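Down below is the structure, laid out as structure tokens.
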Amino acid sequence: DAGVTQSPTHLIKTRGQQVTLRCSPKSGHDTVSWYQQALGQGPQFIFQYYEEEERQRGNFPDRFSGHQFPNYSSELNVNALLLGDSALYLCASSYGLTFSGNTIYFGEGSWLTVV
Amino acid sequence: GIQVEQSPPDLILQEGANSTLRCNFSDSVNNLQWFHQNPWGQLINLFYIPSGTKQNGRLSATTVATERYSLLYISSSQTTDSGVYFCAVEFNTGGFKTIFGAGTRLFVKA
């Protein structure tokens, strides 16, 4: 049973560029959430996708956008990259909109460095 | 908004020692989970524990939802327990959001 898979694992981008990160949820899961984790901090909630719609959003600017596909996989897009966007981006999958009775599973993350 | 505070922020233990990590939250929450993040960034779920007590080997957790705190106990610590421990709470704001604490950084010395 494949867990949550993310790609790419590492990438380096230049300020002003755009980046797309990808996530495939754990088998049987239909909800994908994205988190940004800066060095030395806890993960910060970006947004959550369910039934191909953004359901909840954290305090992130519109430069951060996403998409969920019919097969439940998801993409995170960040436009006009800033140095401060350098972080570990984590994808989490779960079943349903709340993790009541369930557990959240995380991928190994995508390490983004903006130079 | 809801605040999640973890203590202590850093902890150094000798192998074999016991420890207690604490997570306080400022409002009623829907759910709570504890995670361990290894040095490579992988977050591993330890406990789903909105209330009550659970045990898994050397680890156990207790959440007292009415008093808005959760505790993670590590007994007979091993060097492989090193890493960062996070609690994450889910709350309902007309939809469900998950907030993580800042974590407790644990280093277990051999």
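Letters A, B, ... mark the chains of the structure tokens in the order given; residue numbers begin at 1 per chain; ligand numbers begin at 1, in order shown.
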
Quiz prompt | At most 9 Å to chain A: residues in chain B, only C-alpha atoms, as a ChimeraX atom specification | solution = /B:30-31,33,40-45,47-48,50,86,90,92,95-103

Quick one: residues within 10 Å of Pro70 (chain A), only C-alpha atoms, excluding same-chain residues fewer than 5 positions away - as a PDB file with all heavy atoms, in the first residue's frame?
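Result saved to around.pdb:
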```pdb
ATOM      1  N   ASP A  30      -9.039  10.741   0.188  1.00  0.00           N
ATOM      2  CA  ASP A  30      -9.603  11.628  -0.819  1.00  0.00           C
ATOM      3  C   ASP A  30      -9.338  13.111  -0.528  1.00  0.00           C
ATOM      4  O   ASP A  30      -9.757  13.969  -1.301  1.00  0.00           O
ATOM      5  CB  ASP A  30     -11.114  11.399  -0.941  1.00  0.00           C
ATOM      6  CG  ASP A  30     -11.853  11.580   0.384  1.00  0.00           C
ATOM      7  OD1 ASP A  30     -11.224  12.007   1.386  1.00  0.00           O
ATOM      8  OD2 ASP A  30     -13.066  11.282   0.425  1.00  0.00           O
ATOM      9  N   GLU A  51     -12.739  16.878  -3.038  1.00  0.00           N
ATOM     10  CA  GLU A  51     -13.650  16.873  -4.186  1.00  0.00           C
ATOM     11  C   GLU A  51     -13.258  17.961  -5.187  1.00  0.00           C
ATOM     12  O   GLU A  51     -14.101  18.703  -5.708  1.00  0.00           O
ATOM     13  CB  GLU A  51     -15.107  17.033  -3.737  1.00  0.00           C
ATOM     14  CG  GLU A  51     -15.606  15.823  -2.967  1.00  0.00           C
ATOM     15  CD  GLU A  51     -17.100  15.906  -2.645  1.00  0.00           C
ATOM     16  OE1 GLU A  51     -17.656  17.025  -2.638  1.00  0.00           O
ATOM     17  OE2 GLU A  51     -17.689  14.845  -2.381  1.00  0.00           O
ATOM     18  N   GLU A  52     -11.966  18.076  -5.400  1.00  0.00           N
ATOM     19  CA  GLU A  52     -11.391  18.965  -6.404  1.00  0.00           C
ATOM     20  C   GLU A  52     -11.601  20.453  -6.124  1.00  0.00           C
ATOM     21  O   GLU A  52     -11.417  21.288  -7.023  1.00  0.00           O
ATOM     22  CB  GLU A  52     -11.903  18.610  -7.805  1.00  0.00           C
ATOM     23  CG  GLU A  52     -11.619  17.160  -8.204  1.00  0.00           C
ATOM     24  CD  GLU A  52     -12.138  16.823  -9.595  1.00  0.00           C
ATOM     25  OE1 GLU A  52     -11.863  17.580 -10.545  1.00  0.00           O
ATOM     26  OE2 GLU A  52     -12.816  15.789  -9.724  1.00  0.00           O
TER      27      GLU A  52
END
```

Exercise. Take CA of Lys13 (chain A) and CA of Asn77 (chain A) and report the distance between them in Å, one decimal.
Key: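 CA of Asn77 (chain A) lies 12.9 Å from CA of Lys13 (chain A).
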
Exercise. Return the single residue from B:Ser7, B:Asp81, B:Ala110, B:Phe91 that is closest to Pro39 (chain B), with distances computed using only C-alpha atoms.
Key: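 Under the stated criterion, the closest residue is B:Asp81.
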
Quiz item: Which one is closest to Phe107 (chain B): B:Tyr73, B:Phe25, B:Phe35, B:Tyr85? Count only C-alpha atoms.
Solution: B:Tyr85

Exercise. DSSP on the backbone, then: every residue of chain B marked strand (DSSP E or B), written as a count of residues only.
Key: 67

Exercise. Would you mind reading off the distance between CA of Cys23 (chain A) and CA of Asp62 (chain A), one decimal, in Å?
Key: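 Computed distance, CA of Cys23 (chain A) to CA of Asp62 (chain A), equals 19.8 Å.
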
Quiz prompt | Distance query region 65-72 of chain B at most 6 Å, only C-alpha atoms, self and fewer than 5 positions along chain excluded, as a ChimeraX atom specification | solution = /B:20-25,51,60

Quiz prompt | Interatomic distance (Å, one decimal) between CA of Ser7 (chain A) and CA of Trp34 (chain A) | solution =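 So the two atoms, CA of Ser7 (chain A) and CA of Trp34 (chain A), lie 13.1 Å apart.
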